[in-house]
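Worksheet for the structure shown next.
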Amino acid sequence: MSDLKLEDLKFEQAMARLEEIVRLLEQGDSTLDEALALFEEGVKLARFCHDQLDKAEAKIEIMVKEGRLEPLEVEEE
């Protein structure tokens with residue numbers, strides 16, 4: 001991953017990089033060290049994406065329960 005930190009990424013950027021990592025690993029052209037580094041980055045990205053989806057789901061659940069039509073601001077942990 002470039003100089004960006006996970007927390008600076010948008011969900012879509014993280015997914016695009018994760019897809020790129022999968023393609024690179026599937027090609028099988030990487031050395032073992034490169035493949036391990038890609039795998040590690042992929043795991044971090046997958047966790048980040050999962051967390052982002054969980055947060056979005058929580059917002060939606062609250063909005064549905066409250067009958068809200070406007071976006072809900074939820075504090076970050």
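Identifiers for the structure tokens are assigned positionally: chains receive A, B, ... in sequence, residues are indexed from 1 per chain, and ligands are indexed from 1 in the order shown.
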
Original post:
Running DSSP on the backbone, which parts of chain A land in alpha helix (DSSP H), as an NGL selection string?
Top reply: :A and (11-27 or 32-66)

Subject >> Contact residues around Leu38 in chain A with only C-alpha atoms at 8 Å, ignoring same-chain residues under 3 positions, as a ChimeraX atom specification >> reply: /A:21,25,34-35,41-42

**OP:** For Glu19 in chain A, please output as number ranges by chain all residues within 12 Å (counting only C-alpha atoms; exclusion window: fewer than 3 positions along the same chain).
**Re:** A: 12-16, 22-26, 38-39, 41-43, 45-46, 49

Subject >> Distance in Å - CA of Leu53 in chain A versus CA of Phe11 in chain A >> reply: 8.6 Å

Subject >> Between CA of Leu9 in chain A and CA of Asp51 in chain A - distance in Å to one decimal >> reply: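 Between CA of Asp51 in chain A and CA of Leu9 in chain A the gap works out to 12.6 Å.
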